[in-house]
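Raw contents of final19.txt, compact mmCIF, C-alpha atoms:
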# COMPACT_ATOMS: atom_id res chain seq x y z
CA PHE W 1 124.26 69.19 182.87
CA GLY W 2 123.41 68.15 179.22
CA ASN W 3 121.07 71.02 178.34
CA VAL W 4 121.06 71.41 174.54
CA ASN W 5 119.43 74.01 172.31
CA GLN W 6 119.40 74.03 168.52
CA THR W 7 117.71 75.70 165.58
CA ARG W 8 117.41 74.73 161.96
CA ILE W 9 117.16 76.95 158.88
CA SER W 10 116.00 75.69 155.53
CA PHE W 11 116.57 77.69 152.37
CA ARG W 12 116.62 77.20 148.65
CA VAL W 13 119.20 78.69 146.30
CA ASP W 14 117.95 79.74 142.87
CA THR W 15 120.25 81.59 140.51
CA PHE W 16 118.51 80.65 137.28
CA GLY W 17 116.05 82.78 135.39
CA PRO W 18 112.66 81.40 134.29
CA ALA W 19 112.37 79.47 131.04
CA ILE W 20 110.73 81.66 128.38
CA ASN W 21 109.81 80.89 124.79
CA PHE W 22 107.77 82.14 121.86
CA THR W 23 104.93 79.77 120.97
CA VAL W 24 103.73 78.74 117.50
CA LEU W 25 101.15 81.56 117.73
CA THR W 26 103.98 84.08 117.33
CA THR W 27 104.66 85.35 113.82
CA ALA W 28 107.73 83.51 112.50
CA ASN W 29 110.89 85.34 111.47
CA GLY W 30 110.61 86.64 107.92
CA SER W 31 109.23 89.18 105.48
CA TYR W 32 105.52 89.94 105.21
CA ALA W 33 103.12 92.10 103.19
CA ARG W 34 101.23 93.12 106.33
CA ASN W 35 101.30 95.79 109.05
CA SER W 36 101.04 93.62 112.16
CA ILE W 37 103.04 91.18 114.29
CA ASP W 38 101.44 88.58 116.60
CA VAL W 39 103.31 87.58 119.76
CA ASN W 40 102.56 84.83 122.28
CA VAL W 41 105.05 83.95 125.03
CA THR W 42 105.05 81.33 127.77
CA ALA W 43 107.27 81.33 130.87
CA ASN W 44 107.74 78.87 133.74
CA ASP W 45 109.95 78.52 136.78
CA SER W 46 110.16 75.20 138.60
CA THR W 47 111.72 76.56 141.81
CA THR W 48 110.57 80.15 142.29
CA LEU W 49 107.39 82.04 141.52
CA LEU W 50 107.22 84.23 138.46
CA THR W 51 106.59 87.94 138.83
CA GLY W 52 105.91 88.81 135.19
CA ILE W 53 106.63 88.70 131.47
CA ASN W 54 107.79 91.61 129.33
CA ILE W 55 107.51 91.88 125.53
CA SER W 56 109.42 94.59 123.63
CA LEU W 57 109.17 95.85 120.05
CA PHE W 58 112.21 97.55 118.47
CA ASP W 59 112.70 99.49 115.24
CA SER W 60 115.49 98.99 112.69
CA ASN W 61 117.88 100.99 114.90
CA GLN W 62 116.93 98.77 117.86
CA ALA W 63 115.24 101.66 119.64
CA ILE W 64 112.27 100.53 121.76
CA LEU W 65 108.91 101.34 120.18
CA ASN W 66 106.79 99.48 122.73
CA SER W 67 107.55 97.64 125.96
CA SER W 68 104.63 95.91 127.69
CA PHE W 69 104.71 94.10 131.05
CA SER W 70 102.23 91.47 132.25
CA PRO W 71 102.46 90.87 136.04
CA THR W 72 101.81 87.39 137.35
CA ILE W 73 102.29 85.18 140.42
CA GLY W 74 102.75 81.48 139.80
CA ILE W 75 105.12 78.97 138.28
CA TYR W 76 103.61 79.26 134.78
CA SER W 77 102.25 82.16 132.75
CA SER W 78 101.60 83.28 129.18
CA PHE W 79 101.35 86.71 127.57
CA THR W 80 99.82 87.62 124.20
CA LEU W 81 100.26 90.88 122.27
CA ASN W 82 99.26 91.97 118.78
CA PHE W 83 101.23 94.89 117.39
CA THR W 84 99.11 96.52 114.66
CA GLY W 85 99.26 99.61 112.49
CA LEU W 86 102.99 99.22 111.89
CA GLY W 87 104.60 101.05 108.99
CA ASP W 88 106.86 99.46 106.42
CA GLY W 89 110.31 98.64 107.74
CA LEU W 90 112.45 96.32 109.85
CA TYR W 91 111.33 95.33 113.37
CA PHE W 92 112.66 93.18 116.20
CA ILE W 93 110.78 91.42 119.01
CA ASN W 94 112.08 89.88 122.22
CA SER W 95 110.68 89.00 125.63
CA SER W 96 111.88 88.41 129.17
CA ALA W 97 110.57 86.85 132.39
CA ASN W 98 111.38 87.58 136.05
CA ASP W 99 110.94 85.56 139.23
CA THR W 100 110.57 86.71 142.85
CA LEU W 101 114.36 86.49 143.39
CA ASN W 102 114.91 88.93 140.52
CA ASN W 103 116.35 86.26 138.27
CA ARG W 104 115.70 87.26 134.68
CA ASN W 105 115.88 85.37 131.41
CA PHE W 106 115.39 86.42 127.79
CA SER W 107 113.85 84.74 124.79
CA GLU W 108 115.44 84.73 121.37
CA THR W 109 115.11 87.91 119.31
CA ARG W 110 112.95 87.66 116.20
CA SER W 111 113.18 89.96 113.17
CA TYR W 112 110.55 91.03 110.65
CA LEU W 113 110.56 93.04 107.44
CA LEU W 114 107.12 94.49 106.78
CA ASP W 115 106.38 95.82 103.29
CA THR W 116 102.88 96.70 102.09
CA THR W 117 103.98 99.26 99.48
CA VAL W 118 103.73 98.46 95.77
CA PRO W 119 106.85 98.96 93.62
CA SER W 120 107.14 102.26 91.80
CA LEU W 121 106.42 102.04 88.07
CA ASN W 122 106.55 104.67 85.33
CA ILE W 123 106.11 104.34 81.57
CA THR W 124 108.64 106.75 80.07
CA VAL W 125 107.96 106.03 76.36
CA PRO W 126 105.36 107.04 75.26
CA SER W 127 105.57 109.75 77.90
CA VAL W 128 101.85 110.58 77.81
CA ASN W 129 98.67 108.58 77.48
CA ASN W 130 96.55 108.64 74.31
CA THR W 131 99.62 108.95 72.12
CA ASN W 132 99.26 109.26 68.33
CA THR W 133 102.10 107.80 66.30
CA THR W 134 102.99 106.85 62.75
CA ASP W 135 105.64 104.42 64.03
CA ASN W 136 104.27 100.89 63.83
CA GLN W 137 107.30 99.67 65.81
CA GLN W 138 106.68 102.05 68.69
CA ASP W 139 108.66 101.03 71.77
CA VAL W 140 107.14 101.02 75.24
CA ASN W 141 109.82 101.78 77.83
CA PHE W 142 109.38 101.81 81.59
CA THR W 143 111.28 102.22 84.84
CA PHE W 144 110.62 100.50 88.15
CA SER W 145 112.06 100.16 91.65
CA ASP W 146 111.27 98.76 95.07
CA ALA W 147 112.75 100.34 98.18
CA LEU W 148 112.44 97.44 100.62
CA ILE W 149 111.93 93.81 99.74
CA GLY W 150 113.07 93.90 96.10
CA MET W 151 111.54 93.29 92.70
CA ASP W 152 110.19 89.99 91.48
CA SER W 153 108.60 90.05 88.02
CA CYS W 154 107.47 92.30 85.16
CA TRP W 155 104.92 91.47 82.46
CA TYR W 156 102.48 93.12 80.10
CA SER W 157 99.21 92.58 78.34
CA ASN W 158 97.52 94.49 75.54
CA ASP W 159 94.27 94.96 73.66
CA THR W 160 92.15 91.91 74.60
CA TYR W 161 94.18 91.28 77.78
CA SER W 162 93.70 87.56 77.21
CA VAL W 163 97.44 86.78 77.45
CA ASN W 164 100.13 87.97 79.85
CA LEU W 165 103.62 88.19 78.35
CA SER W 166 106.71 88.16 80.56
CA LEU W 167 109.19 91.04 80.51
CA GLY W 168 111.57 89.49 83.04
CA SER W 169 112.01 88.30 86.60
CA GLY W 170 114.37 88.54 89.53
CA GLY W 171 114.41 92.31 89.19
CA VAL W 172 115.81 92.15 85.62
CA CYS W 173 113.21 93.34 83.11
CA VAL W 174 113.25 94.57 79.51
CA ASN W 175 111.26 97.15 77.58
CA ILE W 176 108.70 96.28 74.90
CA THR W 177 110.73 96.68 71.71
CA ASN W 178 109.81 93.76 69.45
CA ILE W 179 106.23 94.42 68.38
CA THR W 180 104.96 95.57 64.99
CA TRP W 181 101.68 97.30 65.74
CA THR W 182 98.66 97.29 63.44
CA ASN W 183 96.84 100.51 62.55
CA ILE W 184 94.37 100.58 65.39
CA ILE W 185 94.18 101.97 68.89
CA HIS W 186 96.18 99.72 71.25
CA ASN W 187 95.89 99.51 75.00
CA VAL W 188 99.06 98.37 76.78
CA THR W 189 99.33 97.67 80.51
CA ILE W 190 102.60 96.89 82.27
CA TYR W 191 102.57 95.07 85.61
CA VAL W 192 105.32 94.72 88.23
CA ASN W 193 105.35 93.02 91.60
CA ASP W 194 107.80 92.58 94.44
CA THR W 195 108.79 89.32 96.13
CA LEU W 196 105.92 89.66 98.60
CA GLY W 197 103.35 89.99 95.83
CA ASN W 198 102.67 93.72 96.14
CA LEU W 199 101.42 94.63 92.64
CA ASN W 200 101.51 97.84 90.64
CA TYR W 201 100.47 98.53 87.06
CA THR W 202 100.13 101.40 84.62
CA SER W 203 98.79 101.76 81.08
CA ARG W 204 99.15 103.60 77.81
CA THR W 205 96.72 103.98 74.92
CA ILE W 206 98.57 104.22 71.60
CA ASN W 207 96.85 105.18 68.32
CA VAL W 208 98.98 103.79 65.50
CA SER W 209 98.52 105.20 62.00
CA SER W 210 101.39 104.01 59.86
CA ALA W 211 101.87 103.94 56.12
CA ASN W 212 103.66 100.63 56.65
CA GLU W 213 100.62 98.65 57.75
CA ALA W 214 101.64 95.33 59.29

Target encoding structure tokens, full file:
Amino acid sequence: FGNVNQTRISFRVDTFGPAINFTVLTTANGSYARNSIDVNVTANDSTTLLTGINISLFDSNQAILNSSFSPTIGIYSSFTLNFTGLGDGLYFINSSANDTLNNRNFSETRSYLLDTTVPSLNITVPSVNNTNTTDNQQDVNFTFSDALIGMDSCWYSNDTYSVNLSLGSGGVCVNITNITWTNIIHNVTIYVNDTLGNLNYTSRTINVSSANEA
């Protein structure tokens, strides 16, 4: 009798998610004096078609601020986003890619500290501008702070402003206490910056009239 019937089924097993990576166009991990983050992601899948790429932005508490999806069909795709108008603070970025079998893979998570705010600075002595004094050893005292990235340097200049004189670095700064002033009107400006270069400054005009002329 010898009658034979047969059928053949071909199938492919794929349990791996697509490869996904940030490219060199993505802002590197780190701290920046800016309010934007650039993101560029590529994904590929050698066995199954991609369905899309997702990029997510998180705040310091890892709550999602923005999640954007770019649909695609193919074995290779890229997705570019520019997050702008961000406030100062800590942010995280990651991305993921899916294929048609619902396999999903994630990129690394990158972190960013954005700080565009200058340090606070206040001259406490003399407490007001245009100060008249008979003290030819008048101190100039100041306070400073930086809420995010941290302080870098302090310095001052006076009168001709031709020379900058250091008052400290690494967040450790001293007051101006070692000058004997001549009997003229002096202009003193103190400068502070943070480690990202955000700069603040404030000034005092001091009219010295001392019987002990230097």

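Using all atoms listed in the file, the protein and nucleic acid residues lying no more than 6 Å from segment 185-202 of chain W, apart from those fewer than 6 places from it along its own chain, are W:Ala33, W:Val118, W:Gly150, W:Met151, W:Asp152, W:Ser153, W:Cys154, W:Trp155, W:Tyr156, W:Ser157, W:Asn158, W:Asp159.
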
Practice item. Could you please determine the separation between atom CA of Ile75 of chain W and atom CA of Thr47 of chain W in Å, to one decimal place? Key: 7.9 Å

Exercise for review: Extract, using all atoms listed in the file, all DNA, RNA and protein residues at most 8 Å from Arg110 of chain W, discarding same-chain residues fewer than 2 positions from it, and format them as a list in words.
Suggested key: Ala28, Asn29, Phe92, Ile93, Asn94, Glu108 and Tyr112 of chain W

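Atom CA of Ser70 of chain W is positioned 15.4 Å from atom CA of Ser107 of chain W.
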
Can you list, as a PDB file with C-alpha atoms, in the coordinates of the input, every protein, DNA or RNA residue that comes within 8 Å of Pro71 of chain W when you count only C-alpha atoms, leaving out same-chain residues fewer than 4 positions away?
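Produced file around.pdb, reproduced below:
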ATOM      1  CA  THR W  51     106.590  87.940 138.830  1.00  0.00           C
ATOM      2  CA  GLY W  52     105.910  88.810 135.190  1.00  0.00           C
ATOM      3  CA  ILE W  53     106.630  88.700 131.470  1.00  0.00           C
TER       4      ILE W  53
END

Review point. Using only C-alpha atoms, which residues sit within 8 Å of Asp115 of chain W once same-chain residues fewer than 2 positions away are excluded, as number ranges by chain?
Key: W: 31-35, 87-89, 113, 117, 148-149, 196

Check your understanding: Which neighbours of Gln138 of chain W fall inside 12 Å, counting only C-alpha atoms, when residues of the same chain fewer than 2 positions from it are skipped, and could you give them as a list of chain:residue names?
Key ->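 My reading of the contact set: W:Val125, W:Pro126, W:Thr131, W:Asn132, W:Thr133, W:Thr134, W:Asp135, W:Asn136, W:Val140, W:Asn141, W:Asn175, W:Ile176, W:Thr177, W:Asn178, W:Ile179, W:Thr180, W:Trp181, W:Thr182, W:Asn183, W:His186, W:Val188, W:Arg204, W:Thr205, W:Ile206, W:Asn207, W:Val208, W:Ser209, W:Ser210.
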
Practice item. Have a look at atom CA of Asn105 of chain W and atom CA of Phe16 of chain W and let me know their distance in Å, one decimal. Key: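 It comes out at 8.0 Å.
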
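Proximity of W:Asp146, W:Asp59, W:Asp38, W:Asp45 to Phe22 of chain W, computed with all atoms listed in the file, is greatest for W:Asp38.
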